[in-house]
Structure formats: C-alpha cells, structure tokens
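So the structure is just underneath, and the comments pick up after that.
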Amino acid sequence: MQQGGRRRVVAVAVALALLALAIVLALVLRAPAGGPPSAGPSGSASASASPEAPSPGPSPTPGAASASPPASEPAEASTETPEAGQTPVQPPVIVPPVPAAPPSGPDAGPGPVAPAAPFPAPLRGQDLTVIPGAGQVVALTFDAGANAAGLPKILATLSAKGVAATFFLTGNWAGANPGGVGQIVSAGHRVANHSMTHPGFTGLTATGIAQQVLGAEQAILAAGADPRPLFRFPFGERDGRTITAVNDLGYVAVRWTVDTLGWKGTSGGVTMQIVADRTLAELQPGEIVLMHIGSNPNDGTTLDADALPQIIDRISAAGYGFVTLDALLAP
C-alpha cells in the first residue's frame, strides 16, 4: 500500500510540473517580440508600425487643400511671387502670342484685317526692267546721288508738260538737299530709295545691306518723303542674294529699260541728241527710262535735264503716256 501511494504522489507531482511548464510556455508565446504591448485609447494593444508605411498625418480640414500634393501626382511649380512667401520660379520663355481665332456666329463682328503686302508677290525676286502689263505708258526716273544741279530745270519741264516722274534718292542726297526733296514731293512726284551712300551691294553683308536701305529710308522720311517700297541698286549691281535681302526689307527692286547715258556728259562723248535718241530707240509698253539729276563732275553738263523736253514730246507723239512707278504696285 505504501508503495502504491508513493507512485500516485509522484504522478501527481509530474502532472503539476507539466501543467506549470505549459502555463509558462503559453505566457511566453503570447508576448510581442518587441516588448510588452501598449494600450490604445480603448485599452487594446496597437499594431506595430512598419518602416515602409508612412505615419498618418492630421486629417485635412474639409474644403481646404492639403499641404502637399498626393505622392501619385507631380507637384506643380509655384507661380506666386516671393512676397507671398513662395519660392520664386524661373520665368517662362517668351514667345510671340498666338492670335486668338476670330469669333464666329451671327453676332461676331468683322475680324482683324491683315496688313497689306508692301508690293505684289509676283515682283519678288526680280530687278524689274519694264512695268509688266502697263500698256502704252513710260516711266521717267531720275537718280539723285551727287548734286542737285539739274533739278530746277527737270522740275520746271515736268510741270510745264504735266508729267509725273519717279526720283530715286540716296540718303546722303536727301540729307543735304531737304529743300529739293520738298520741291519734288510738293510737285506731285514719287520718291524712291537709292541706298544711303551709293555703294555696290554685292560686296555687302546682310547687315550692311540693311544699314544702307533702312538708313536711306530714315533720311528720306526725315526730309519729308516716303520712299517705300521702291528701291534701285547703285550702279545696277545686284545678284539673287541682294535682291532677296532688299525684298525682305520691304522693297521691290526696279532697274531700267534704257540708260540715257546723259551722266557721261559731253566729256564722255554724249550729246543731248544722243540722250533723246537712246530713249526713243527703246520705246515700248512699260519702258523705264534712267536719267540723272546731278551734273557731270568733269564738264558740269546736265544733258538729261536739257534733253527732257524733247524726250517727253517725242514719246507723246508716239502715242504713249507717262506714269510713276506706283504703277508697279497696282493690284
């Protein structure tokens, strides 16, 4: 009996030891790996935070924008000024504004009118030797670059015959003879551009061409006339590049049908009769006649001015009228 009782005591002791061990293991397994659980507002344990998960911020006020854009949307560059407490940004590249489309519909008013081209497009790229499609008319033109010796006689003849002409002036001539420019304009004649200082153009850069053309334009405007959009190359020297450059500056290039050679003077073997005969030998519809205002530097003659009455009378007798080079600009 004693031996059986001892066995029962040992069995109970082992059972109690196993139970105690099971309780300890259970308590150990329920505890979190990072330490004891912390109670939340409701007393329950809160979940541990992951390093990748963002900490929640304060809830936004209804109707107010969040302090920063969501991570999935790119932030827009600030356009506020520094005075407003924002970071300044670089200004955008300035580009010409795109014109708004004109309104359409029954209530729309007339749209903006585009500026007219300075000269008809078919004249671009040319150095004109006649007036296209002009009919039985002649254009008398006078270049002015040296002096004004022949101007009084020329203006008197044109007035007496009732003829209008075109005068190609250099900027230097206009600056030195503002009174002459005024007389030409007041008499109803057309003024045109003959460069500033009368250089050959094929040796000029694009900048040099612009300086010559626009410089003359400003000088002639200052003297009281507008030369646009008619231009004549000094010495008639030109090529495709220089014609394009002049066109791009708003001018049409005008050459001539015939040069009277009056500028050579009697010292060059020319006479008043030769001047008139050369003009009539080239008579044709739209003829452009080149003459000069100034006197020959060697003999002082003004053969073009002297021959002008005969030239006008003989052209008229042949059934031709006279126009200025504005006839080129007619639509």
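Letters A, B, ... mark the chains of the structure tokens in the order given; residue numbers begin at 1 per chain; ligand numbers begin at 1, in order shown.
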Discussion item. Using only C-alpha atoms, which protein or nucleic acid residues come within 9 Å of stretch 265-269 of chain A? Drop anything in the same chain fewer than 2 positions from it, and give the result as a PyMOL selection string.
Written reply: chain A and resi 261-263+271-272+295-303
Discussion item. I want to know what sits within 6 Å of A:Asn193, based on only C-alpha atoms, with residues of the same chain fewer than 3 positions away left out; could you give that as a PyMOL selection string?
Written reply: chain A and resi 168-169+227+231
Those residues with C-alpha atoms, as a PDB file, in the first residue's frame please?
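So result.pdb came out as:
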```pdb
ATOM      1  CA  PHE A 168      15.437 107.670-106.597  1.00  0.00           C
ATOM      2  CA  LEU A 169      17.270 109.498-103.806  1.00  0.00           C
ATOM      3  CA  PRO A 227      10.469 106.018-100.423  1.00  0.00           C
ATOM      4  CA  PHE A 231      14.420 100.562-104.487  1.00  0.00           C
TER       5      PHE A 231
END
```
Item to complete: Work out how far apart atom CA of A:Arg232 and atom CA of A:Ser316 are and give it in Å to one decimal.
Response: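 It comes out at 25.9 Å.
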If we count only C-alpha atoms and set the cut-off at 12 Å, which residues sit around stretch 212-225 of chain A, ignoring sequence neighbours fewer than 3 positions away in its own chain? Please answer as a compact mmCIF listing (two decimals) with all heavy atoms, in the first residue's frame.
```
# COMPACT_ATOMS: atom_id res chain seq x y z
N ALA A 144 19.34 110.50 -107.90
CA ALA A 144 19.99 111.63 -107.25
C ALA A 144 20.98 111.11 -106.21
O ALA A 144 20.56 110.50 -105.23
CB ALA A 144 18.95 112.53 -106.59
N GLY A 145 22.27 111.34 -106.46
CA GLY A 145 23.27 110.91 -105.51
C GLY A 145 24.43 111.88 -105.39
O GLY A 145 25.14 111.88 -104.39
N PHE A 167 11.68 109.74 -108.51
CA PHE A 167 13.03 110.18 -108.15
C PHE A 167 13.63 109.23 -107.12
O PHE A 167 13.11 109.10 -106.01
CB PHE A 167 12.97 111.60 -107.58
CG PHE A 167 12.64 112.65 -108.60
CD1 PHE A 167 11.33 112.84 -109.04
CD2 PHE A 167 13.64 113.47 -109.13
CE1 PHE A 167 11.03 113.81 -109.99
CE2 PHE A 167 13.35 114.45 -110.07
CZ PHE A 167 12.05 114.62 -110.50
N PHE A 168 14.72 108.56 -107.50
CA PHE A 168 15.44 107.67 -106.60
C PHE A 168 16.52 108.48 -105.89
O PHE A 168 17.49 108.94 -106.53
CB PHE A 168 16.07 106.51 -107.37
CG PHE A 168 15.08 105.46 -107.80
CD1 PHE A 168 14.43 105.56 -109.01
CD2 PHE A 168 14.81 104.37 -106.98
CE1 PHE A 168 13.51 104.59 -109.41
CE2 PHE A 168 13.89 103.40 -107.37
CZ PHE A 168 13.24 103.51 -108.59
N LEU A 169 16.37 108.66 -104.58
CA LEU A 169 17.27 109.50 -103.81
C LEU A 169 18.15 108.66 -102.89
O LEU A 169 17.67 107.71 -102.26
CB LEU A 169 16.47 110.48 -102.95
CG LEU A 169 15.33 111.25 -103.63
CD1 LEU A 169 14.64 112.16 -102.62
CD2 LEU A 169 15.84 112.03 -104.83
N THR A 170 19.41 109.04 -102.76
CA THR A 170 20.23 108.45 -101.72
C THR A 170 19.93 109.19 -100.42
O THR A 170 19.49 110.35 -100.42
CB THR A 170 21.74 108.58 -102.03
OG1 THR A 170 22.12 109.95 -102.02
CG2 THR A 170 22.08 107.94 -103.37
N GLY A 171 20.21 108.53 -99.31
CA GLY A 171 20.00 109.17 -98.02
C GLY A 171 20.89 110.38 -97.85
O GLY A 171 20.46 111.41 -97.29
N ASN A 172 22.13 110.30 -98.34
CA ASN A 172 23.03 111.45 -98.25
C ASN A 172 22.49 112.64 -99.03
O ASN A 172 22.55 113.79 -98.58
CB ASN A 172 24.42 111.07 -98.77
CG ASN A 172 25.25 110.37 -97.72
OD1 ASN A 172 24.86 110.26 -96.56
ND2 ASN A 172 26.42 109.87 -98.12
N TRP A 173 21.95 112.38 -100.21
CA TRP A 173 21.40 113.47 -101.03
C TRP A 173 20.20 114.09 -100.34
O TRP A 173 20.06 115.33 -100.31
CB TRP A 173 21.01 112.95 -102.41
CG TRP A 173 20.72 114.04 -103.41
CD1 TRP A 173 21.59 114.58 -104.31
CD2 TRP A 173 19.47 114.72 -103.61
NE1 TRP A 173 20.98 115.56 -105.05
CE2 TRP A 173 19.67 115.67 -104.64
CE3 TRP A 173 18.21 114.64 -103.03
CZ2 TRP A 173 18.65 116.51 -105.10
CZ3 TRP A 173 17.20 115.48 -103.47
CH2 TRP A 173 17.42 116.40 -104.50
N ALA A 174 19.33 113.27 -99.80
CA ALA A 174 18.15 113.79 -99.11
C ALA A 174 18.55 114.64 -97.91
O ALA A 174 17.96 115.70 -97.65
CB ALA A 174 17.24 112.65 -98.67
N GLY A 175 19.58 114.17 -97.16
CA GLY A 175 20.03 114.93 -96.00
C GLY A 175 20.64 116.26 -96.38
O GLY A 175 20.50 117.25 -95.66
N ALA A 176 21.34 116.29 -97.53
CA ALA A 176 21.99 117.53 -97.97
C ALA A 176 21.04 118.45 -98.74
O ALA A 176 21.33 119.64 -98.87
CB ALA A 176 23.19 117.17 -98.86
N ASN A 177 19.93 117.91 -99.23
CA ASN A 177 19.01 118.71 -100.04
C ASN A 177 17.56 118.55 -99.58
O ASN A 177 16.68 118.15 -100.36
CB ASN A 177 19.11 118.29 -101.52
CG ASN A 177 20.48 118.52 -102.11
OD1 ASN A 177 20.82 119.60 -102.56
ND2 ASN A 177 21.29 117.45 -102.13
N PRO A 178 17.27 118.85 -98.32
CA PRO A 178 15.88 118.70 -97.85
C PRO A 178 14.92 119.60 -98.61
O PRO A 178 13.77 119.21 -98.84
CB PRO A 178 15.97 119.08 -96.37
CG PRO A 178 17.19 119.92 -96.25
CD PRO A 178 18.16 119.37 -97.25
N GLY A 179 15.40 120.76 -99.03
CA GLY A 179 14.53 121.63 -99.82
C GLY A 179 14.19 121.01 -101.16
O GLY A 179 13.05 121.11 -101.65
N GLY A 180 15.17 120.34 -101.78
CA GLY A 180 14.90 119.66 -103.05
C GLY A 180 13.91 118.53 -102.89
O GLY A 180 13.04 118.32 -103.74
N VAL A 181 14.01 117.78 -101.78
CA VAL A 181 13.04 116.72 -101.50
C VAL A 181 11.64 117.32 -101.39
O VAL A 181 10.67 116.80 -101.96
CB VAL A 181 13.41 115.96 -100.21
CG1 VAL A 181 12.34 114.90 -99.90
CG2 VAL A 181 14.77 115.30 -100.34
N GLY A 182 11.54 118.44 -100.68
CA GLY A 182 10.24 119.09 -100.54
C GLY A 182 9.67 119.54 -101.87
O GLY A 182 8.46 119.43 -102.11
N GLN A 183 10.52 120.06 -102.76
CA GLN A 183 10.05 120.51 -104.09
C GLN A 183 9.55 119.33 -104.92
O GLN A 183 8.53 119.43 -105.61
CB GLN A 183 11.18 121.21 -104.81
CG GLN A 183 11.59 122.55 -104.21
CD GLN A 183 12.85 123.10 -104.84
OE1 GLN A 183 13.30 122.62 -105.90
NE2 GLN A 183 13.45 124.08 -104.19
N ILE A 184 10.26 118.21 -104.84
CA ILE A 184 9.85 117.01 -105.59
C ILE A 184 8.48 116.53 -105.11
O ILE A 184 7.58 116.24 -105.92
CB ILE A 184 10.90 115.90 -105.43
CG1 ILE A 184 12.21 116.29 -106.13
CG2 ILE A 184 10.38 114.58 -105.98
CD1 ILE A 184 13.37 115.37 -105.82
N VAL A 185 8.32 116.46 -103.80
CA VAL A 185 7.07 115.96 -103.23
C VAL A 185 5.92 116.93 -103.51
O VAL A 185 4.82 116.52 -103.90
CB VAL A 185 7.22 115.71 -101.72
CG1 VAL A 185 5.89 115.37 -101.08
CG2 VAL A 185 8.24 114.61 -101.46
N SER A 186 6.15 118.21 -103.31
CA SER A 186 5.07 119.19 -103.49
C SER A 186 4.62 119.28 -104.95
O SER A 186 3.48 119.67 -105.24
CB SER A 186 5.51 120.57 -103.00
OG SER A 186 6.62 121.04 -103.74
N GLY A 188 4.20 116.71 -106.75
CA GLY A 188 3.40 115.52 -107.02
C GLY A 188 4.16 114.35 -107.59
O GLY A 188 3.55 113.42 -108.14
N HIS A 189 5.48 114.35 -107.44
CA HIS A 189 6.28 113.24 -107.97
C HIS A 189 6.50 112.16 -106.91
O HIS A 189 6.30 112.38 -105.72
CB HIS A 189 7.62 113.77 -108.49
CG HIS A 189 7.47 114.82 -109.54
ND1 HIS A 189 6.90 114.58 -110.77
CD2 HIS A 189 7.79 116.15 -109.52
CE1 HIS A 189 6.90 115.69 -111.47
NE2 HIS A 189 7.42 116.67 -110.74
N ARG A 190 6.93 111.00 -107.37
CA ARG A 190 7.15 109.85 -106.49
C ARG A 190 8.61 109.79 -106.08
O ARG A 190 9.51 110.00 -106.90
CB ARG A 190 6.76 108.55 -107.21
CG ARG A 190 6.85 107.29 -106.36
CD ARG A 190 5.88 107.35 -105.21
NE ARG A 190 5.56 106.05 -104.66
CZ ARG A 190 6.18 105.45 -103.66
NH1 ARG A 190 7.22 106.03 -103.08
NH2 ARG A 190 5.77 104.27 -103.23
N VAL A 191 8.86 109.51 -104.80
CA VAL A 191 10.21 109.38 -104.28
C VAL A 191 10.49 107.91 -103.97
O VAL A 191 9.60 107.18 -103.51
CB VAL A 191 10.39 110.25 -103.02
CG1 VAL A 191 11.71 109.95 -102.33
CG2 VAL A 191 10.32 111.73 -103.39
N ALA A 192 11.73 107.48 -104.24
CA ALA A 192 12.12 106.08 -104.00
C ALA A 192 13.51 106.04 -103.38
O ALA A 192 14.20 107.05 -103.26
CB ALA A 192 12.07 105.30 -105.31
N ASN A 193 13.91 104.83 -102.98
CA ASN A 193 15.15 104.59 -102.22
C ASN A 193 16.29 104.17 -103.15
O ASN A 193 16.14 103.25 -103.95
CB ASN A 193 14.87 103.49 -101.18
CG ASN A 193 15.96 103.33 -100.16
OD1 ASN A 193 17.14 103.48 -100.44
ND2 ASN A 193 15.56 102.99 -98.94
N HIS A 194 17.45 104.85 -102.98
CA HIS A 194 18.62 104.54 -103.81
C HIS A 194 19.85 104.26 -102.94
O HIS A 194 20.97 104.46 -103.37
CB HIS A 194 18.89 105.70 -104.77
CG HIS A 194 19.81 105.36 -105.92
ND1 HIS A 194 19.84 104.13 -106.53
CD2 HIS A 194 20.76 106.12 -106.55
CE1 HIS A 194 20.75 104.14 -107.50
NE2 HIS A 194 21.33 105.34 -107.53
N SER A 195 19.62 103.79 -101.71
CA SER A 195 20.64 103.47 -100.72
C SER A 195 21.08 104.72 -99.98
O SER A 195 20.72 105.84 -100.35
CB SER A 195 21.86 102.76 -101.33
OG SER A 195 22.77 103.68 -101.89
N MET A 196 21.90 104.53 -98.94
CA MET A 196 22.37 105.66 -98.13
C MET A 196 23.55 106.37 -98.76
O MET A 196 23.55 107.59 -98.93
CB MET A 196 22.74 105.17 -96.73
CG MET A 196 23.06 106.29 -95.75
SD MET A 196 21.60 107.28 -95.38
CE MET A 196 22.36 108.71 -94.62
N THR A 197 24.56 105.60 -99.15
CA THR A 197 25.80 106.22 -99.64
C THR A 197 26.22 105.74 -101.02
O THR A 197 27.33 106.03 -101.47
CB THR A 197 26.96 105.95 -98.65
OG1 THR A 197 27.19 104.53 -98.57
CG2 THR A 197 26.65 106.49 -97.26
N HIS A 198 25.35 104.98 -101.71
CA HIS A 198 25.60 104.54 -103.10
C HIS A 198 26.78 103.59 -103.25
O HIS A 198 27.62 103.76 -104.13
CB HIS A 198 25.79 105.77 -104.01
CG HIS A 198 25.44 105.50 -105.45
ND1 HIS A 198 26.34 105.01 -106.36
CD2 HIS A 198 24.28 105.69 -106.14
CE1 HIS A 198 25.77 104.89 -107.53
NE2 HIS A 198 24.51 105.29 -107.43
N PRO A 199 26.88 102.53 -102.43
CA PRO A 199 27.94 101.53 -102.63
C PRO A 199 27.45 100.41 -103.54
O PRO A 199 26.25 100.25 -103.78
CB PRO A 199 28.17 101.00 -101.21
CG PRO A 199 26.79 101.03 -100.62
CD PRO A 199 26.10 102.24 -101.21
N GLY A 200 28.39 99.60 -104.04
CA GLY A 200 27.98 98.37 -104.71
C GLY A 200 27.45 97.40 -103.67
O GLY A 200 28.04 97.25 -102.59
N PHE A 201 26.34 96.74 -103.97
CA PHE A 201 25.68 95.91 -102.97
C PHE A 201 26.19 94.49 -102.90
O PHE A 201 26.05 93.83 -101.87
CB PHE A 201 24.16 95.90 -103.22
CG PHE A 201 23.42 96.93 -102.40
CD1 PHE A 201 23.88 98.24 -102.33
CD2 PHE A 201 22.26 96.62 -101.71
CE1 PHE A 201 23.22 99.21 -101.58
CE2 PHE A 201 21.58 97.56 -100.96
CZ PHE A 201 22.06 98.86 -100.90
N LEU A 204 28.41 93.68 -99.98
CA LEU A 204 27.93 93.99 -98.64
C LEU A 204 27.39 92.75 -97.95
O LEU A 204 26.84 91.85 -98.59
CB LEU A 204 26.83 95.05 -98.69
CG LEU A 204 27.19 96.43 -99.23
CD1 LEU A 204 25.95 97.33 -99.24
CD2 LEU A 204 28.29 97.07 -98.41
N THR A 205 27.55 92.71 -96.63
CA THR A 205 26.90 91.67 -95.83
C THR A 205 25.42 91.99 -95.69
O THR A 205 24.96 93.08 -96.06
CB THR A 205 27.53 91.60 -94.44
OG1 THR A 205 27.28 92.85 -93.76
CG2 THR A 205 29.03 91.36 -94.52
N ALA A 206 24.68 91.06 -95.13
CA ALA A 206 23.26 91.30 -94.90
C ALA A 206 23.07 92.50 -93.99
O ALA A 206 22.16 93.31 -94.19
CB ALA A 206 22.61 90.05 -94.29
N THR A 207 23.94 92.64 -92.99
CA THR A 207 23.84 93.79 -92.09
C THR A 207 24.14 95.08 -92.84
O THR A 207 23.45 96.09 -92.65
CB THR A 207 24.83 93.63 -90.92
OG1 THR A 207 24.49 92.46 -90.18
CG2 THR A 207 24.79 94.84 -90.00
N GLY A 208 25.14 95.05 -93.70
CA GLY A 208 25.48 96.24 -94.48
C GLY A 208 24.35 96.65 -95.41
O GLY A 208 24.08 97.85 -95.58
N ILE A 209 23.69 95.67 -96.03
CA ILE A 209 22.56 95.97 -96.91
C ILE A 209 21.44 96.63 -96.12
O ILE A 209 20.86 97.64 -96.54
CB ILE A 209 22.07 94.69 -97.59
CG1 ILE A 209 23.12 94.19 -98.58
CG2 ILE A 209 20.74 94.93 -98.31
CD1 ILE A 209 22.81 92.83 -99.19
N ARG A 228 9.24 104.10 -99.61
CA ARG A 228 8.79 102.71 -99.66
C ARG A 228 7.69 102.51 -100.69
O ARG A 228 6.84 103.39 -100.84
CB ARG A 228 8.31 102.27 -98.26
CG ARG A 228 9.43 102.29 -97.22
CD ARG A 228 8.91 102.17 -95.82
NE ARG A 228 8.13 103.35 -95.41
CZ ARG A 228 7.69 103.57 -94.17
NH1 ARG A 228 7.94 102.69 -93.22
NH2 ARG A 228 7.00 104.65 -93.89
N PRO A 229 7.67 101.35 -101.39
CA PRO A 229 8.57 100.21 -101.32
C PRO A 229 9.45 100.09 -102.58
O PRO A 229 9.70 98.99 -103.04
CB PRO A 229 7.60 99.05 -101.23
CG PRO A 229 6.50 99.47 -102.18
CD PRO A 229 6.42 100.98 -102.07
N LEU A 230 9.90 101.20 -103.15
CA LEU A 230 10.65 101.17 -104.40
C LEU A 230 12.15 101.37 -104.14
O LEU A 230 12.54 102.31 -103.46
CB LEU A 230 10.14 102.26 -105.34
CG LEU A 230 8.64 102.22 -105.66
CD1 LEU A 230 8.22 103.48 -106.39
CD2 LEU A 230 8.32 100.98 -106.50
N PHE A 231 12.97 100.49 -104.70
CA PHE A 231 14.42 100.56 -104.49
C PHE A 231 15.16 100.33 -105.79
O PHE A 231 14.77 99.50 -106.62
CB PHE A 231 14.86 99.50 -103.47
CG PHE A 231 16.34 99.49 -103.22
CD1 PHE A 231 16.91 100.40 -102.34
CD2 PHE A 231 17.16 98.59 -103.89
CE1 PHE A 231 18.29 100.41 -102.13
CE2 PHE A 231 18.54 98.59 -103.67
CZ PHE A 231 19.10 99.51 -102.79
N ARG A 232 16.25 101.09 -105.97
CA ARG A 232 17.12 100.87 -107.13
C ARG A 232 18.55 100.63 -106.63
O ARG A 232 19.06 101.40 -105.81
CB ARG A 232 17.09 102.07 -108.06
CG ARG A 232 18.08 101.98 -109.24
CD ARG A 232 17.81 103.05 -110.29
NE ARG A 232 16.64 102.69 -111.09
CZ ARG A 232 15.96 103.56 -111.84
NH1 ARG A 232 16.30 104.84 -111.86
NH2 ARG A 232 14.91 103.15 -112.55
N PHE A 233 19.20 99.59 -107.13
CA PHE A 233 20.56 99.27 -106.74
C PHE A 233 21.54 100.29 -107.30
O PHE A 233 21.48 100.62 -108.50
CB PHE A 233 20.95 97.87 -107.24
CG PHE A 233 20.32 96.74 -106.48
CD1 PHE A 233 19.21 96.09 -106.98
CD2 PHE A 233 20.84 96.34 -105.26
CE1 PHE A 233 18.63 95.04 -106.28
CE2 PHE A 233 20.28 95.29 -104.55
CZ PHE A 233 19.16 94.65 -105.06
N PRO A 234 22.46 100.78 -106.49
CA PRO A 234 23.53 101.65 -107.01
C PRO A 234 24.34 100.92 -108.08
O PRO A 234 24.66 99.74 -107.91
CB PRO A 234 24.38 101.94 -105.77
CG PRO A 234 23.44 101.78 -104.61
CD PRO A 234 22.53 100.66 -105.01
N THR A 242 21.28 89.68 -103.02
CA THR A 242 20.99 91.07 -102.67
C THR A 242 19.55 91.44 -103.00
O THR A 242 18.93 92.22 -102.28
CB THR A 242 21.96 92.02 -103.38
OG1 THR A 242 21.93 91.78 -104.79
CG2 THR A 242 23.38 91.82 -102.88
N ILE A 243 19.02 90.87 -104.06
CA ILE A 243 17.60 91.13 -104.38
C ILE A 243 16.71 90.58 -103.28
O ILE A 243 15.78 91.25 -102.82
CB ILE A 243 17.24 90.51 -105.75
CG1 ILE A 243 17.94 91.26 -106.89
CG2 ILE A 243 15.72 90.55 -105.97
CD1 ILE A 243 17.77 90.62 -108.25
N ALA A 245 17.55 90.08 -100.17
CA ALA A 245 17.73 90.89 -98.97
C ALA A 245 16.91 92.17 -99.03
O ALA A 245 16.29 92.57 -98.04
CB ALA A 245 19.22 91.22 -98.79
N VAL A 246 16.89 92.81 -100.18
CA VAL A 246 16.10 94.04 -100.34
C VAL A 246 14.61 93.74 -100.23
O VAL A 246 13.86 94.48 -99.59
CB VAL A 246 16.46 94.71 -101.68
CG1 VAL A 246 15.44 95.79 -102.05
CG2 VAL A 246 17.86 95.30 -101.63
N ASN A 247 14.18 92.64 -100.86
CA ASN A 247 12.78 92.23 -100.74
C ASN A 247 12.38 92.01 -99.29
O ASN A 247 11.30 92.42 -98.86
CB ASN A 247 12.52 90.95 -101.53
CG ASN A 247 12.60 91.10 -103.03
OD1 ASN A 247 12.76 90.13 -103.76
ND2 ASN A 247 12.50 92.33 -103.53
N ASP A 248 13.27 91.36 -98.53
CA ASP A 248 12.97 91.07 -97.14
C ASP A 248 12.88 92.34 -96.29
O ASP A 248 12.28 92.33 -95.21
CB ASP A 248 14.03 90.14 -96.55
CG ASP A 248 13.95 88.72 -97.12
OD1 ASP A 248 12.92 88.39 -97.73
OD2 ASP A 248 14.94 87.96 -96.96
N LEU A 249 13.47 93.42 -96.77
CA LEU A 249 13.38 94.71 -96.07
C LEU A 249 12.15 95.50 -96.50
O LEU A 249 11.94 96.63 -96.05
CB LEU A 249 14.65 95.53 -96.34
CG LEU A 249 15.93 94.96 -95.72
CD1 LEU A 249 17.15 95.71 -96.24
CD2 LEU A 249 15.88 95.02 -94.20
N GLY A 250 11.33 94.90 -97.37
CA GLY A 250 10.07 95.54 -97.76
C GLY A 250 10.13 96.32 -99.06
O GLY A 250 9.24 97.13 -99.33
N TYR A 251 11.15 96.08 -99.87
CA TYR A 251 11.31 96.84 -101.11
C TYR A 251 11.31 95.94 -102.34
O TYR A 251 11.83 94.83 -102.32
CB TYR A 251 12.63 97.62 -101.08
CG TYR A 251 12.59 98.85 -100.20
CD1 TYR A 251 12.88 98.76 -98.84
CD2 TYR A 251 12.26 100.10 -100.72
CE1 TYR A 251 12.85 99.89 -98.02
CE2 TYR A 251 12.24 101.23 -99.92
CZ TYR A 251 12.52 101.12 -98.58
OH TYR A 251 12.48 102.23 -97.78
N VAL A 252 10.74 96.46 -103.42
CA VAL A 252 10.83 95.81 -104.72
C VAL A 252 11.94 96.50 -105.50
O VAL A 252 12.07 97.73 -105.48
CB VAL A 252 9.48 95.89 -105.48
CG1 VAL A 252 9.02 97.33 -105.68
CG2 VAL A 252 9.59 95.20 -106.84
N ALA A 253 12.78 95.71 -106.17
CA ALA A 253 13.92 96.26 -106.91
C ALA A 253 13.49 96.67 -108.32
O ALA A 253 12.84 95.89 -109.03
CB ALA A 253 15.05 95.23 -106.98
```
Discussion item. Could you tell me how far atom CA of A:Ala276 sits from atom CA of A:Ala149, in Å to one decimal place?
Written reply: 19.4 Å
Discussion item. Using only C-alpha atoms, can you tell me which of A:Ile274, A:Ile23, A:Val138, A:Ala121 comes closest to A:Tyr320?
Written reply: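 With only C-alpha atoms as the atom set, the closest residue is A:Val138.
We find atom CA of A:Gly125 and atom CA of A:Val137 to be spaced 23.7 Å apart.
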Discussion item. Going by DSSP on the backbone, which residues of stretch 116-320 of chain A come out as helix (DSSP H, G or I)? List them as an MDAnalysis selection string.
Written reply: chainID A and resid 121:123 151:161 171:176 178:186 206:222 234:236 240:248 262:264 266:268 272:281 303:317
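The closest residue to A:Thr166, picked from A:Leu325, A:Ala134, A:Val289, A:Val254 and counting only C-alpha atoms, is A:Leu325.
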Worksheet item: Which is closer to A:Pro122 than all the others in A:Pro152, A:Gly321, A:Pro331, A:Gly236, using only C-alpha atoms?
Response: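 Checking each candidate against A:Pro122, we get A:Pro331 as the closest.
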Item to complete: Taking the chain letters and numbering used in this document, name the residues of stretch 179-280 of chain A that DSSP puts in strand (DSSP E), as a list in words.
Response: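 Here is the list: Arg190, Val191, Ala192, Asn193, Leu230, Phe231, Val252, Ala253, Val254, Val258 and Asp259 of chain A.
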Kindly save the residues from that selection, with N, CA and C atoms included, as an mmCIF file, in the first residue's frame.
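Listing of selection-v4.cif after writing:
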```
data_model
loop_
_atom_site.group_PDB
_atom_site.id
_atom_site.type_symbol
_atom_site.label_atom_id
_atom_site.label_comp_id
_atom_site.auth_asym_id
_atom_site.auth_seq_id
_atom_site.Cartn_x
_atom_site.Cartn_y
_atom_site.Cartn_z
ATOM 1 N N ARG A 190 6.932 110.999 -107.365
ATOM 2 C CA ARG A 190 7.154 109.848 -106.488
ATOM 3 C C ARG A 190 8.611 109.792 -106.082
ATOM 4 N N VAL A 191 8.861 109.511 -104.804
ATOM 5 C CA VAL A 191 10.213 109.382 -104.280
ATOM 6 C C VAL A 191 10.491 107.911 -103.975
ATOM 7 N N ALA A 192 11.731 107.481 -104.236
ATOM 8 C CA ALA A 192 12.118 106.081 -104.004
ATOM 9 C C ALA A 192 13.511 106.039 -103.383
ATOM 10 N N ASN A 193 13.914 104.828 -102.984
ATOM 11 C CA ASN A 193 15.146 104.592 -102.222
ATOM 12 C C ASN A 193 16.288 104.172 -103.150
ATOM 13 N N LEU A 230 9.904 101.198 -103.149
ATOM 14 C CA LEU A 230 10.648 101.170 -104.401
ATOM 15 C C LEU A 230 12.147 101.367 -104.145
ATOM 16 N N PHE A 231 12.969 100.491 -104.704
ATOM 17 C CA PHE A 231 14.420 100.562 -104.487
ATOM 18 C C PHE A 231 15.162 100.335 -105.794
ATOM 19 N N VAL A 252 10.741 96.465 -103.419
ATOM 20 C CA VAL A 252 10.826 95.811 -104.718
ATOM 21 C C VAL A 252 11.941 96.503 -105.503
ATOM 22 N N ALA A 253 12.782 95.713 -106.169
ATOM 23 C CA ALA A 253 13.920 96.260 -106.908
ATOM 24 C C ALA A 253 13.485 96.666 -108.317
ATOM 25 N N VAL A 254 13.857 97.894 -108.696
ATOM 26 C CA VAL A 254 13.481 98.426 -110.013
ATOM 27 C C VAL A 254 14.744 98.867 -110.757
ATOM 28 N N VAL A 258 16.210 101.472 -120.331
ATOM 29 C CA VAL A 258 17.270 102.160 -121.042
ATOM 30 C C VAL A 258 17.930 103.196 -120.145
ATOM 31 N N ASP A 259 19.257 103.265 -120.240
ATOM 32 C CA ASP A 259 20.041 104.303 -119.578
ATOM 33 C C ASP A 259 20.393 105.321 -120.650
#
```
Item to complete: Give the answer as one residue: which of A:His292, A:Arg278, A:Arg238, A:Arg124 has the shortest atom-to-atom distance to A:Asp306, using only C-alpha atoms?
Response: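 Among the listed residues, the smallest separation from A:Asp306 belongs to A:His292.
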Fill in: Shell of 12 Å around A:Val163, only C-alpha atoms, local chain residues under 2 positions omitted, as a ChimeraX atom specification
/A:137-141,154-161,165-166,187-190,308-309,311-313,315-316,320-324
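Neighbouring residues of A:Ile131 at 7 Å or closer, counting only C-alpha atoms and skipping chain neighbours under 2 positions away, are A:Gly133, A:Ala134, A:Gly286, A:Glu287, A:Leu328.
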Same residues, N, CA and C atoms, output as a compact mmCIF listing (two decimals), in the first residue's frame:
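For reference, out_21.txt as written:
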```txt
# COMPACT_ATOMS: atom_id res chain seq x y z
N GLY A 133 2.66 94.58 -118.00
CA GLY A 133 1.27 94.81 -118.36
C GLY A 133 0.82 96.25 -118.27
N ALA A 134 1.73 97.20 -118.41
CA ALA A 134 1.38 98.61 -118.21
C ALA A 134 0.67 99.23 -119.40
N GLY A 286 5.50 100.10 -121.02
CA GLY A 286 6.10 99.91 -119.70
C GLY A 286 7.56 100.26 -119.63
N GLU A 287 8.10 101.00 -120.61
CA GLU A 287 9.52 101.36 -120.60
C GLU A 287 9.87 102.18 -119.35
N LEU A 328 3.59 99.94 -110.68
CA LEU A 328 4.01 98.58 -110.35
C LEU A 328 3.21 98.00 -109.20
```
